[in-house]
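Novice: Starting off with a structure, shown below.
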Amino acid sequence: MFPGSNCDHDTYHIISKVIGQPVDFIWHRQASVGDCDAVILPGGFSYGDYLRTGAIARFSPVMGAVKEFASRGGLVMGICNGFQILCEAGLLPGALLRNSNLKFICEHVNMRVEVTDTPFTSRCQRGQVLSVPIAHGDGNYFCDPGTLAELQRDDRIIFRYSDAQGGVTRESNPNGSLDNIAGICNRERNVIGLMPHPERASEELLGSNDGRIIFRSLADTLAELAKAS
Amino acid sequence: MNEPVITPELVKSHGLTEEEYGRIEELLGRAPSFTELGIFSVMWSEHCSYKSSRVHLRRLPTKGEAVLQGPGENAGIVDVGGGLAAAFKIESHNHPSFIEPYQGAATGVGGILRDIFTMGARPLAAMNSLHFGPLKAGADASAEERATAARNRSIVAGVVKGIGDYGNAFGVPTIGGEVRFSPCYSRNPLVNAFTLGIVRRDQIFYGRAAGVGNPVIYVGAKTGRDGIHGATMASEEFGEEAQSKRPTVQVGDPFLEKLLLEACLEAMREGAVVGIQDMGAAGLTSSSSEMGSRAGTGIEIDIDLVPQRETGMSAYEIMLSESQERMLIVAEAGRERQVIDIFKKWELDAVVIGRVTDDHRLRIRQAGEVVADIPNSALTDSAPVYDRPVKAPDSPPAAPEVGQAEGSNEELDATFMRIVTSPTVASKEWVYHQYDHMVRTNTVVLPGSDAAVIRIKEKRNSLAMTLDSNARYCRVDPRAGARLVVSESWRNLIASGARPLALTNCLNFASPERPEVMWQFSEVIDGMSEACRAFNTPVTGGNVSFYNETDGRGIYPTPVIGMVGLVSDTRHVTTQWFKQGGRAIVLLGATSDDLGASEYVLATRGRLEGRVPALDLDLERRVGEACLKVIESGLVESAHDCSDGGLAIALSECAFSSYRRKAVGFEVNLEGGLGAAAHLFAETPSRIVVSAPDENVDTIMELAKEHGVPAARLGRTGGERLKIRVNGEPVIDRPVSEVEAAWRRVLPSMLEVASLIAAEESRTS
Amino acid sequence: MKAKVYVTLKPSVLDPQGKAIHHAIETIGYGTITDVRQGKYFEITLDDATSAEEARAEITRLANDVLSNPVIEDFRIELDSESEA
Amino acid sequence: MKAKVYVTLKPSVLDPQGKAIHHAIETIGYGTITDVRQGKYFEITLDDATSAEEARAEITRLANDVLSNPVIEDFRIELDSESEA
Ligand SMILES: Nc1ncnc2c1ncn2[C@@H]1O[C@H](COP(=O)(O)OP(=O)(O)O)[C@@H](O)[C@H]1O
Ligand SMILES: [Mg+2]
């Protein structure tokens with residue numbers, strides 16, 4: 001949790017009540033992530049996001065601990081503002097620029113699952129289309145051509161914005177992201193960032209259940225890890 | 001201290017009359033100091049003192065079973081069961097939003113959020129009611145009219161971005177509201193912001209400075225010279241000199257507000273807080289005098305201790321500053337450290353600036369010297385109250401009868417398209433897509449249906465809320481208009497499956513110094529009261545905004561109603577959209593010849609004509625009860641109230657696609673002795689369109705009959721067209737997708753460029 | 001021709017951005033910095049055919065109407081040809 | 001002492017703000033403007049006791065670490081004492 005995080009309780013709710021896994025908040029000034037199995041950086045506007053989104057959060061003591069946790073292979077997921085922080089902190093490549101229409105956009109979009117061999121998408125099928133909301137002003141993913149080629153080559157683009165049938169089109173790109181990128185992972189595949197909010201699409205009552213599969217995949221992975229150790 | 005000498009000119013420039021100044025001398029027993037003059041001028045301004053409205057507001061019904069807190073506190077509170085209560089209120093920020101749309105609207109949202117969390121409630125939903133001048137000038141418009149339209153577009157873009165940026169960053173979902181257009185708002189835009197929060201019944205806080213000797217703690221942002229005289233500005237009409245008042249603009253900081261929220265709620269939970277109040281209009285002055293007055297105590301402040309952003313500020317400036325994101329807390333003596341530590345954890349300033357006293361006075365010291373010493377009652381209870389002259393207009397404002405304008409079915413179809421694409425009726429998606437309406441994952445009904453609904457996590461019930469106004473009606477007949485607006489709110493909640501509990505209101509009017517305006521005001525109060533009694537929905541609070549008038553041109557009387565209701569079981573939440581084909585469409589209620597003062601009249605005549613629709617409050621109540629019954633019995637799949645544009649528009653809105661649901665066409669036949677235009681476009685109240693499986697129709701009809709409510713089967717859902725026949729004759733027959741596309745395109749096509757510029761000007765990096 | 005426009009907040013107007021940045025960098029050890037104000041900066045390219053005079057008029061209008069908000073901001077213009085002179 | 005930091009997007013980075021604003025001003029009739037790039041601008045006040053050298057080092061570090069994101073942005077620094085020289 002950072003000052004200004006505002007999707008922290010939503011994520012907490014989904015993991016504890018809907019997925020049924022234990023969760024705890026970690027305060028931004030804590031210098032350790034404790035003995036948790038996975039760290040989720042929630043959405044919101046950390047430190048007001050006045051400079052660049054995520055730019056200040058990356059200096060908080062807890063981010064040092066998150067980096068260390070990730071380098072040990074710990075699972076880290078950044079949602080929306082969390083994704084922006086991971087990019088700023090160098091845990092993921094690239095940056096998130098202002099949406100191409102300069103507006104904050106809050107709506108349901110479709111994203112296609114591109115890769116299933118990550119701890120976050122193991123339950124998904126390749127090409128599966130998930131309906132998940134976005135809510136951001138800076139979600140326009142950018143990286144240099146070399147990095148993009150690497151992301152493509154190494155299958156590190158996990159989600160792409162698409163239409164309901166899975167077509168990756170210009171019209172289905174809500175914010176101008178390069179190559180319709182909605183989510184990526186690091187080389188080691190243990191750190192993932194995505195702009196859409198799966199925690200807002202994990203209950204039928206709220207209009208979509210599609211995001212749940214991401215948390216379920218994560219829970220599966222953790223269960224397997226626990227068994228293995 | 002070298003303070004200016006008080007001259008008649010100085011008194012006048014503070015918006016005080018000679019008599020009022022005389023009154024001040026009398027109450028003090030001496031001439032006021034400069035600082036005191038400033039304090040009186042803001043506390044006695046229309047905005048803070050309600051001096052013109054108070055005698056009328058007293059007539060509103062404010063008591064009811066569910067009401068835990070009525071008017072008089074920062075927000076009203078109703079019981080929502082399970083040990084929880086909902087705090088909600090609406091507030092205007094019209095004048096600041098005209099001067100600086102982005103910051104004006106943003107700080108309006110900030111202010112109403114603070115009003116809610118001051119009471120201990122976490123804000124869980126926001127809405128807003130917006131009124132603007134036309135976005136497009138006609139083909140033969142003058143250069144001036146075109147400039148006005150351009151200015152209106154930039155106001156809309158700035159206001160919407162300001163509301164979005166503040167609420168989104170703060171983390172409150174903005175889940176509904178209304179956007180309406182009329183030329184009278186061209187230089188008088190209305191920005192009314194609503195917030196609802198939830199609090200445990202036993203953890204409600206009040207703005208009371210109880211406990212003599214308790215410390216008074218200032219928390220939040222530092223004080224700057226922002227908005228000095230904001231409250232008096234909101235109490236004067238605009239003219240050319242409004243330009244020169246510009247430097248007083250306040251800038252909002254939603255990030256700081258979010259920290260303030262968390263810190264305040266934490267301090268309250270710890271039990272160290274005795275009383276708390278936000279510093280809104282008139283800042284430190286109103287918060288300290290009101291807290292003292294409510295508790296029957298006094299407050300003494302050492303002005304040098306107030307955290308200041310700028311150097312060399314005088315006591316006058318500090319007392320009158322309207323810097324945002326500040327609160328005043330009275331803590332238990334001996335626990336100030338605890339409060340300060342909590343705020344420090346959230347990286348916020350918290351400073352003891354004074355004490356609660358027993359002498360019922362507001363006393364301000366600077367460098368050891370007393371610079372203001374005023375009895376609280378002089379600022380609050382003894383503030384002037386005016387029973388201003390009231391005068392009904394000599395002739396009714398519009399021709400009484402309205403006939404059908406069209407000769408052919410083609411013309412009726414063209415009128416239909418004109419109404420569907422009028423900005424007031426058109427889709428407001430362009431607006432609410434800029435608002436995060438899902439954060440906190442409670443929003444069960446997203447914007448676009450009759451009322452917005454949030455679930456109460458871990459409880460079975462949900463809260464529905466709606467904001468409504470109709471200045472067309474209130475212009476033609478303020479009393480009947482106000483009744484109609486309240487009944488529209490009632491109907492919106494009912495159609496969503498909620499039982500209405502109570503309402504808040506924002507009364508936007510022109511200058512109270514004109515007797516016709518005061519007459520409108522008085523009539524609106526009476527109309528609203530009648531409807532509130534009929535529906536048993538008391539008033540828990542609200543706000544009055546007068547002087548919405550520029551260069552002598554005033555707005556239509558525009559009361560905005562914010563009604564809140566409870567859905568007893570979240571499974572009963574109902575939306576307006578047809579869910580599938582092959583369903584029966586039933587109208588609860590019946591259409592009459594109510595074309596007056598309608599969108600139809602505006603679309604065909606270009607101006608207001610006719611009487612407002614006739615309303616039978618008892619019938620409205622019965623339609624509501626019947627509808628709630630059919631919803632709670634699980635008989636219907638959708639329910640939508642009929643309002644702007646009449647039945648043809650209501651049916652189309654049921655058909656249009658929504659979120660992940662595809663559009664569903666329909667075919668209906670409207671029968672009866674009325675003209676075709678009335679069937680299609682009459683705005684008769686007390687009507688709700690429902691859709692249901694065939695096998696439920698008989699039961700629905702029976703239930704309607706039991707409630708003494710007329711009901712008719714209009715047709716069926718299904719297909720991809722929107723087909724309306726009148727007495728068997730086809731009048732409208734178009735693909736839903738085509739009508740929907742036209743309806744969705746209206747605002748984006750007018751506002752896209754303005755919104756890019758607003759993004760640039762709004763200083764978001 | 002190129003032009004630069006600098007937009008800054010008027011001195012008395014609260015700058016939440018600058019304030020938040022200042023607060024943050026203080027906590028991460030930038031002790032010598034006492035204040036931060038944030039502004040905007042634009043690089044604008046004009047048609048080559050535009051004269052310096054026209055350019056100045058056009059850019060001034062643009063800065064006034066679009067790039068800045070005169071209620072709370074001031075701006076300053078630099079034309080490349082001039083700055084070189 | 002005062003310092004100014006200008007942060008601009010690298011030329012290779014598409015500038016959504018600049019592009020959108022260019023599109024908007026074209027529509028409202030700024031015909032002579034062919035390109036707009038938007039950057040950020042910071043005015044920083046340093047402790048009076050700071051030497052020019054220290055200041056330059058401190059501000060460079062700040063610009064590098066905090067005010068700009070090297071993935072997408074470049075920056076330029078101006079120290080007030082120097083610009084006067
Ligand atoms: N139209 C109205 N109907 C009922 N109560 C009202 C109305 N207008 C104002 N009030 C009540 O008067 C009190 C003062 O309102 P206001 O000055 O707006 O409070 P604040 O400054 O805390 O926002 C509040 O309790 C408010 O609910
Ligand atoms: Mg208040």
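Simple scheme: letters A, B, ... for chains in structure tokens order, numbers from 1 for residues in each chain, numbers from 1 for ligands in the order shown.
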How would chain D read as a short mmCIF file (atom, residue, chain, number, x, y, z; two decimals) with N, CA, C and O atoms, in the first residue's frame once least-squares superposed on chain C using all paired C-alpha atoms?
Specialist:
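Contents of the output file out_32.cif:
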```
data_model
loop_
_atom_site.label_atom_id
_atom_site.label_comp_id
_atom_site.auth_asym_id
_atom_site.auth_seq_id
_atom_site.Cartn_x
_atom_site.Cartn_y
_atom_site.Cartn_z
N MET D 1 10.46 27.35 -38.44
CA MET D 1 10.90 28.06 -37.24
C MET D 1 10.41 27.33 -36.00
O MET D 1 9.36 26.70 -36.00
N LYS D 2 11.15 27.43 -34.93
CA LYS D 2 10.76 26.77 -33.68
C LYS D 2 10.44 27.82 -32.62
O LYS D 2 11.05 28.88 -32.60
N ALA D 3 9.54 27.47 -31.75
CA ALA D 3 9.24 28.35 -30.63
C ALA D 3 9.13 27.50 -29.38
O ALA D 3 8.82 26.32 -29.43
N LYS D 4 9.42 28.14 -28.25
CA LYS D 4 9.27 27.44 -26.98
C LYS D 4 8.31 28.23 -26.11
O LYS D 4 8.38 29.45 -26.05
N VAL D 5 7.44 27.50 -25.46
CA VAL D 5 6.52 28.15 -24.54
C VAL D 5 6.67 27.51 -23.17
O VAL D 5 6.65 26.28 -23.05
N TYR D 6 6.88 28.35 -22.17
CA TYR D 6 6.98 27.86 -20.79
C TYR D 6 5.74 28.30 -20.05
O TYR D 6 5.42 29.50 -20.05
N VAL D 7 5.05 27.36 -19.45
CA VAL D 7 3.85 27.71 -18.69
C VAL D 7 4.11 27.39 -17.22
O VAL D 7 4.50 26.27 -16.89
N THR D 8 3.91 28.37 -16.38
CA THR D 8 4.13 28.14 -14.94
C THR D 8 2.89 28.56 -14.17
O THR D 8 2.14 29.42 -14.62
N LEU D 9 2.70 27.96 -13.03
CA LEU D 9 1.59 28.38 -12.18
C LEU D 9 1.89 29.77 -11.63
O LEU D 9 3.04 30.09 -11.35
N LYS D 10 0.88 30.59 -11.49
CA LYS D 10 1.07 31.90 -10.87
C LYS D 10 1.60 31.69 -9.45
O LYS D 10 1.21 30.74 -8.78
N PRO D 11 2.42 32.62 -9.00
CA PRO D 11 3.01 32.46 -7.66
C PRO D 11 1.96 32.28 -6.57
O PRO D 11 2.19 31.60 -5.58
N SER D 12 0.78 32.87 -6.76
CA SER D 12 -0.24 32.80 -5.71
C SER D 12 -0.94 31.44 -5.67
O SER D 12 -1.68 31.14 -4.75
N VAL D 13 -0.72 30.63 -6.71
CA VAL D 13 -1.42 29.34 -6.76
C VAL D 13 -0.56 28.27 -6.11
O VAL D 13 0.61 28.11 -6.45
N LEU D 14 -1.16 27.58 -5.19
CA LEU D 14 -0.45 26.47 -4.55
C LEU D 14 -0.20 25.40 -5.61
O LEU D 14 -1.09 25.06 -6.37
N ASP D 15 1.00 24.89 -5.68
CA ASP D 15 1.36 23.93 -6.73
C ASP D 15 1.38 22.52 -6.15
O ASP D 15 2.35 22.12 -5.52
N PRO D 16 0.28 21.76 -6.32
CA PRO D 16 0.23 20.45 -5.65
C PRO D 16 1.34 19.52 -6.13
O PRO D 16 1.92 18.77 -5.34
N GLN D 17 1.65 19.59 -7.42
CA GLN D 17 2.69 18.69 -7.93
C GLN D 17 4.05 19.04 -7.34
O GLN D 17 4.79 18.19 -6.87
N GLY D 18 4.37 20.34 -7.40
CA GLY D 18 5.65 20.77 -6.87
C GLY D 18 5.78 20.43 -5.39
O GLY D 18 6.81 19.95 -4.93
N LYS D 19 4.68 20.65 -4.67
CA LYS D 19 4.72 20.42 -3.23
C LYS D 19 4.92 18.93 -2.93
O LYS D 19 5.72 18.54 -2.08
N ALA D 20 4.16 18.11 -3.65
CA ALA D 20 4.25 16.67 -3.39
C ALA D 20 5.63 16.15 -3.75
O ALA D 20 6.21 15.32 -3.04
N ILE D 21 6.16 16.66 -4.84
CA ILE D 21 7.45 16.15 -5.27
C ILE D 21 8.55 16.63 -4.31
O ILE D 21 9.48 15.91 -4.00
N HIS D 22 8.36 17.82 -3.79
CA HIS D 22 9.33 18.31 -2.81
C HIS D 22 9.31 17.44 -1.56
O HIS D 22 10.35 17.04 -1.04
N HIS D 23 8.10 17.11 -1.14
CA HIS D 23 7.96 16.24 0.02
C HIS D 23 8.65 14.89 -0.23
O HIS D 23 9.39 14.37 0.61
N ALA D 24 8.42 14.34 -1.43
CA ALA D 24 9.00 13.03 -1.73
C ALA D 24 10.52 13.08 -1.74
O ALA D 24 11.18 12.20 -1.18
N ILE D 25 11.08 14.12 -2.34
CA ILE D 25 12.55 14.12 -2.45
C ILE D 25 13.20 14.44 -1.12
O ILE D 25 14.31 14.00 -0.84
N GLU D 26 12.48 15.16 -0.29
CA GLU D 26 13.00 15.37 1.06
C GLU D 26 13.15 14.04 1.78
O GLU D 26 14.17 13.78 2.41
N THR D 27 12.12 13.22 1.65
CA THR D 27 12.13 11.92 2.33
C THR D 27 13.26 11.04 1.83
O THR D 27 13.77 10.21 2.57
N ILE D 28 13.61 11.17 0.55
CA ILE D 28 14.66 10.29 0.07
C ILE D 28 16.03 10.98 0.07
O ILE D 28 16.96 10.53 -0.56
N GLY D 29 16.10 12.10 0.80
CA GLY D 29 17.42 12.63 1.13
C GLY D 29 17.99 13.72 0.25
O GLY D 29 19.21 13.82 0.12
N TYR D 30 17.15 14.53 -0.37
CA TYR D 30 17.69 15.71 -1.06
C TYR D 30 17.56 16.89 -0.10
O TYR D 30 16.60 17.65 -0.15
N GLY D 31 18.54 17.04 0.74
CA GLY D 31 18.42 18.00 1.83
C GLY D 31 18.56 19.45 1.41
O GLY D 31 18.01 20.35 2.05
N THR D 32 19.28 19.72 0.32
CA THR D 32 19.58 21.12 0.01
C THR D 32 18.47 21.80 -0.79
O THR D 32 18.54 22.99 -1.03
N ILE D 33 17.48 21.03 -1.20
CA ILE D 33 16.44 21.63 -2.04
C ILE D 33 15.32 22.17 -1.17
O ILE D 33 14.77 21.46 -0.33
N THR D 34 15.01 23.44 -1.33
CA THR D 34 14.03 24.04 -0.44
C THR D 34 12.66 24.26 -1.11
O THR D 34 11.68 24.49 -0.44
N ASP D 35 12.63 24.23 -2.43
CA ASP D 35 11.33 24.42 -3.08
C ASP D 35 11.36 23.86 -4.50
O ASP D 35 12.39 23.90 -5.17
N VAL D 36 10.22 23.32 -4.95
CA VAL D 36 10.10 22.85 -6.33
C VAL D 36 8.78 23.38 -6.88
O VAL D 36 7.75 23.28 -6.24
N ARG D 37 8.84 23.97 -8.04
CA ARG D 37 7.61 24.36 -8.74
C ARG D 37 7.63 23.69 -10.10
O ARG D 37 8.66 23.65 -10.77
N GLN D 38 6.49 23.15 -10.48
CA GLN D 38 6.46 22.43 -11.74
C GLN D 38 5.69 23.21 -12.79
O GLN D 38 4.63 23.76 -12.52
N GLY D 39 6.22 23.23 -13.98
CA GLY D 39 5.52 23.89 -15.07
C GLY D 39 5.49 23.01 -16.29
O GLY D 39 5.88 21.85 -16.25
N LYS D 40 5.02 23.58 -17.38
CA LYS D 40 4.96 22.82 -18.63
C LYS D 40 5.82 23.53 -19.66
O LYS D 40 6.07 24.73 -19.56
N TYR D 41 6.19 22.78 -20.63
CA TYR D 41 7.14 23.27 -21.60
C TYR D 41 6.72 22.72 -22.95
O TYR D 41 6.45 21.53 -23.08
N PHE D 42 6.60 23.59 -23.94
CA PHE D 42 6.17 23.14 -25.27
C PHE D 42 7.20 23.55 -26.31
O PHE D 42 7.69 24.69 -26.30
N GLU D 43 7.50 22.63 -27.20
CA GLU D 43 8.33 22.97 -28.35
C GLU D 43 7.42 22.95 -29.57
O GLU D 43 6.81 21.93 -29.87
N ILE D 44 7.36 24.06 -30.22
CA ILE D 44 6.41 24.19 -31.32
C ILE D 44 7.15 24.48 -32.61
O ILE D 44 8.06 25.32 -32.64
N THR D 45 6.80 23.74 -33.65
CA THR D 45 7.41 23.99 -34.95
C THR D 45 6.40 24.72 -35.81
O THR D 45 5.23 24.33 -35.88
N LEU D 46 6.87 25.76 -36.45
CA LEU D 46 6.00 26.52 -37.35
C LEU D 46 6.46 26.33 -38.78
O LEU D 46 7.63 26.07 -39.05
N ASP D 47 5.50 26.47 -39.65
CA ASP D 47 5.73 26.55 -41.07
C ASP D 47 6.94 27.42 -41.38
O ASP D 47 7.08 28.50 -40.81
N ASP D 48 7.80 26.98 -42.29
CA ASP D 48 9.00 27.76 -42.58
C ASP D 48 8.69 29.13 -43.15
O ASP D 48 9.47 30.07 -43.00
N ALA D 49 7.54 29.21 -43.80
CA ALA D 49 7.20 30.47 -44.46
C ALA D 49 6.80 31.56 -43.46
O ALA D 49 6.67 32.73 -43.83
N THR D 50 6.60 31.18 -42.20
CA THR D 50 6.12 32.16 -41.22
C THR D 50 7.22 33.16 -40.85
O THR D 50 8.34 32.75 -40.55
N SER D 51 6.88 34.43 -40.85
CA SER D 51 7.86 35.43 -40.43
C SER D 51 7.94 35.45 -38.91
O SER D 51 7.03 34.99 -38.22
N ALA D 52 9.02 36.00 -38.40
CA ALA D 52 9.21 36.04 -36.95
C ALA D 52 8.05 36.79 -36.29
O ALA D 52 7.57 36.40 -35.23
N GLU D 53 7.63 37.81 -36.92
CA GLU D 53 6.57 38.63 -36.36
C GLU D 53 5.25 37.84 -36.28
O GLU D 53 4.58 37.79 -35.25
N GLU D 54 4.92 37.27 -37.44
CA GLU D 54 3.71 36.43 -37.48
C GLU D 54 3.80 35.34 -36.43
O GLU D 54 2.84 35.05 -35.72
N ALA D 55 4.97 34.73 -36.37
CA ALA D 55 5.14 33.61 -35.46
C ALA D 55 4.88 34.06 -34.03
O ALA D 55 4.15 33.42 -33.28
N ARG D 56 5.47 35.18 -33.68
CA ARG D 56 5.28 35.66 -32.30
C ARG D 56 3.80 35.91 -32.00
O ARG D 56 3.29 35.53 -30.94
N ALA D 57 3.11 36.49 -32.96
CA ALA D 57 1.68 36.76 -32.74
C ALA D 57 0.90 35.46 -32.58
O ALA D 57 0.09 35.29 -31.66
N GLU D 58 1.19 34.54 -33.47
CA GLU D 58 0.47 33.27 -33.46
C GLU D 58 0.73 32.50 -32.16
O GLU D 58 -0.19 31.98 -31.53
N ILE D 59 1.98 32.45 -31.76
CA ILE D 59 2.33 31.69 -30.56
C ILE D 59 1.78 32.36 -29.31
O ILE D 59 1.35 31.70 -28.36
N THR D 60 1.76 33.67 -29.30
CA THR D 60 1.20 34.38 -28.15
C THR D 60 -0.28 34.05 -28.01
O THR D 60 -0.78 33.75 -26.93
N ARG D 61 -0.96 34.08 -29.15
CA ARG D 61 -2.38 33.77 -29.12
C ARG D 61 -2.59 32.33 -28.62
O ARG D 61 -3.42 32.05 -27.76
N LEU D 62 -1.77 31.43 -29.14
CA LEU D 62 -1.88 30.02 -28.76
C LEU D 62 -1.62 29.83 -27.26
O LEU D 62 -2.35 29.13 -26.56
N ALA D 63 -0.58 30.49 -26.79
CA ALA D 63 -0.21 30.33 -25.38
C ALA D 63 -1.33 30.87 -24.49
O ALA D 63 -1.69 30.28 -23.47
N ASN D 64 -1.87 31.99 -24.91
CA ASN D 64 -2.93 32.63 -24.15
C ASN D 64 -4.22 31.81 -24.14
O ASN D 64 -4.82 31.56 -23.10
N ASP D 65 -4.61 31.38 -25.34
CA ASP D 65 -5.92 30.75 -25.48
C ASP D 65 -5.91 29.29 -25.11
O ASP D 65 -6.90 28.76 -24.62
N VAL D 66 -4.83 28.60 -25.44
CA VAL D 66 -4.87 27.15 -25.35
C VAL D 66 -3.88 26.60 -24.33
O VAL D 66 -4.25 25.85 -23.43
N LEU D 67 -2.62 26.97 -24.48
CA LEU D 67 -1.59 26.28 -23.69
C LEU D 67 -1.62 26.66 -22.22
O LEU D 67 -1.18 25.89 -21.37
N SER D 68 -2.13 27.84 -21.91
CA SER D 68 -2.20 28.19 -20.49
C SER D 68 -3.62 28.54 -20.11
O SER D 68 -4.44 28.86 -20.96
N ASN D 69 -3.89 28.44 -18.85
CA ASN D 69 -5.18 28.86 -18.31
C ASN D 69 -4.91 30.10 -17.47
O ASN D 69 -4.31 30.02 -16.40
N PRO D 70 -5.33 31.28 -17.98
CA PRO D 70 -4.97 32.53 -17.33
C PRO D 70 -5.45 32.63 -15.88
O PRO D 70 -4.93 33.44 -15.13
N VAL D 71 -6.39 31.79 -15.50
CA VAL D 71 -6.85 31.83 -14.11
C VAL D 71 -5.74 31.40 -13.15
O VAL D 71 -5.61 31.91 -12.06
N ILE D 72 -4.93 30.48 -13.62
CA ILE D 72 -3.93 29.93 -12.70
C ILE D 72 -2.50 30.03 -13.22
O ILE D 72 -1.56 29.82 -12.47
N GLU D 73 -2.34 30.32 -14.52
CA GLU D 73 -1.00 30.18 -15.08
C GLU D 73 -0.50 31.43 -15.78
O GLU D 73 -1.27 32.23 -16.31
N ASP D 74 0.82 31.56 -15.80
CA ASP D 74 1.50 32.56 -16.62
C ASP D 74 2.29 31.82 -17.69
O ASP D 74 2.54 30.62 -17.57
N PHE D 75 2.70 32.56 -18.73
CA PHE D 75 3.55 31.90 -19.73
C PHE D 75 4.63 32.84 -20.22
O PHE D 75 4.58 34.05 -20.01
N ARG D 76 5.61 32.23 -20.86
CA ARG D 76 6.75 32.96 -21.40
C ARG D 76 7.06 32.31 -22.74
O ARG D 76 6.97 31.09 -22.89
N ILE D 77 7.41 33.14 -23.72
CA ILE D 77 7.65 32.62 -25.07
C ILE D 77 9.08 32.88 -25.48
O ILE D 77 9.66 33.92 -25.15
N GLU D 78 9.65 31.96 -26.20
CA GLU D 78 10.99 32.16 -26.78
C GLU D 78 10.92 31.72 -28.23
O GLU D 78 10.55 30.59 -28.52
N LEU D 79 11.29 32.60 -29.13
CA LEU D 79 11.36 32.19 -30.54
C LEU D 79 12.81 31.83 -30.82
O LEU D 79 13.71 32.55 -30.41
N ASP D 80 13.00 30.75 -31.54
CA ASP D 80 14.37 30.28 -31.71
C ASP D 80 15.25 31.31 -32.39
O ASP D 80 16.38 31.54 -31.98
N SER D 81 14.73 31.94 -33.42
CA SER D 81 15.53 32.91 -34.16
C SER D 81 15.98 34.03 -33.22
O SER D 81 17.11 34.48 -33.28
N GLU D 82 15.08 34.41 -32.30
CA GLU D 82 15.43 35.50 -31.39
C GLU D 82 16.46 35.09 -30.37
O GLU D 82 17.40 35.82 -30.10
N SER D 83 16.28 33.89 -29.84
CA SER D 83 17.20 33.49 -28.77
C SER D 83 18.62 33.39 -29.31
O SER D 83 19.60 33.54 -28.59
N GLU D 84 18.70 33.11 -30.60
CA GLU D 84 20.03 33.04 -31.19
C GLU D 84 20.65 34.42 -31.32
O GLU D 84 21.85 34.59 -31.21
N ALA D 85 19.78 35.39 -31.57
CA ALA D 85 20.29 36.75 -31.77
C ALA D 85 20.95 37.28 -30.51
O ALA D 85 20.72 36.78 -29.42
#
```
Novice: Which residues are near segment 131-147 of chain B? Cut-off 10 Å, only C-alpha atoms, ignore same chain within fewer than 6 positions. Put them as number ranges by chain.
Specialist: B: 94, 153-156, 178-192, 423-424, 469, 471, 558, 747, 750-751
Novice: As number ranges by chain, please: every residue in segment 292-519 of chain B that DSSP puts in strand (DSSP E or B).
Specialist: B: 298-302, 308, 326-331, 350-357, 361-366, 369-375, 443-445, 447, 449, 452-455, 462-468, 499-508
Novice: Ligand 2: which residues are within 9 Å, counting only C-alpha atoms and all ligand atoms, as a ChimeraX atom specification?
Specialist: /B:73-75,111-112,114-116,118,207,277-281,287
Novice: Enumerate residues in contact with ligand 1: an atom-to-atom distance of at most 9 Å, counting only C-alpha atoms and all ligand atoms. Format the result as a PyMOL selection string.
Specialist: chain B and resi 47-50+53-54+57-58+60+62+70-76+89-92+111-112+115+277-282+286-287+504-507+525+539-545+559
Novice: Counting only C-alpha atoms, collect the residues of chain B whose closest atom lies at most 6 Å from chain C, and write them out as a list in words.
Specialist: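 My answer is Asp253, Ile757 and Glu761 of chain B.
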Novice: Could you check which of A:Pro196, A:Gly43, A:Pro93, A:Gly183 is closest to Gly146 of chain A, using only C-alpha atoms?
Specialist: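 Ranked by minimum distance to Gly146 of chain A, first place goes to A:Pro93.
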Novice: Using only C-alpha atoms, what table do you get, as a Markdown table, when you list each residue of chain A with an atom no more than 12 Å from chain C, its nearest pair of atoms, and their distance in Å rounded to one decimal, rows by chain then rising number?
Specialist:
```
| residue | atom | partner | partner_atom | distance |
| --- | --- | --- | --- | --- |
| A:Pro3 | CA | C:Ala24 | CA | 11.3 |
| A:Gly4 | CA | C:Ala20 | CA | 11.6 |
| A:Arg29 | CA | C:Thr27 | CA | 11.0 |
| A:Ser46 | CA | C:Ala20 | CA | 10.8 |
| A:Tyr47 | CA | C:Ala20 | CA | 7.1 |
| A:Gly48 | CA | C:Ala20 | CA | 7.6 |
| A:Asp49 | CA | C:Gln17 | CA | 8.5 |
| A:Tyr50 | CA | C:Gln17 | CA | 5.1 |
| A:Leu51 | CA | C:Gln17 | CA | 6.9 |
| A:Arg52 | CA | C:Ile21 | CA | 10.2 |
| A:Thr53 | CA | C:Gln17 | CA | 12.0 |
| A:Ala55 | CA | C:Ile21 | CA | 9.7 |
| A:Ile56 | CA | C:Ala24 | CA | 6.8 |
| A:Ala57 | CA | C:Ala24 | CA | 9.0 |
| A:Arg58 | CA | C:Ala24 | CA | 10.7 |
| A:Phe59 | CA | C:Ile28 | CA | 7.1 |
| A:Ser60 | CA | C:Ile28 | CA | 8.2 |
| A:Pro61 | CA | C:Ile28 | CA | 9.4 |
```
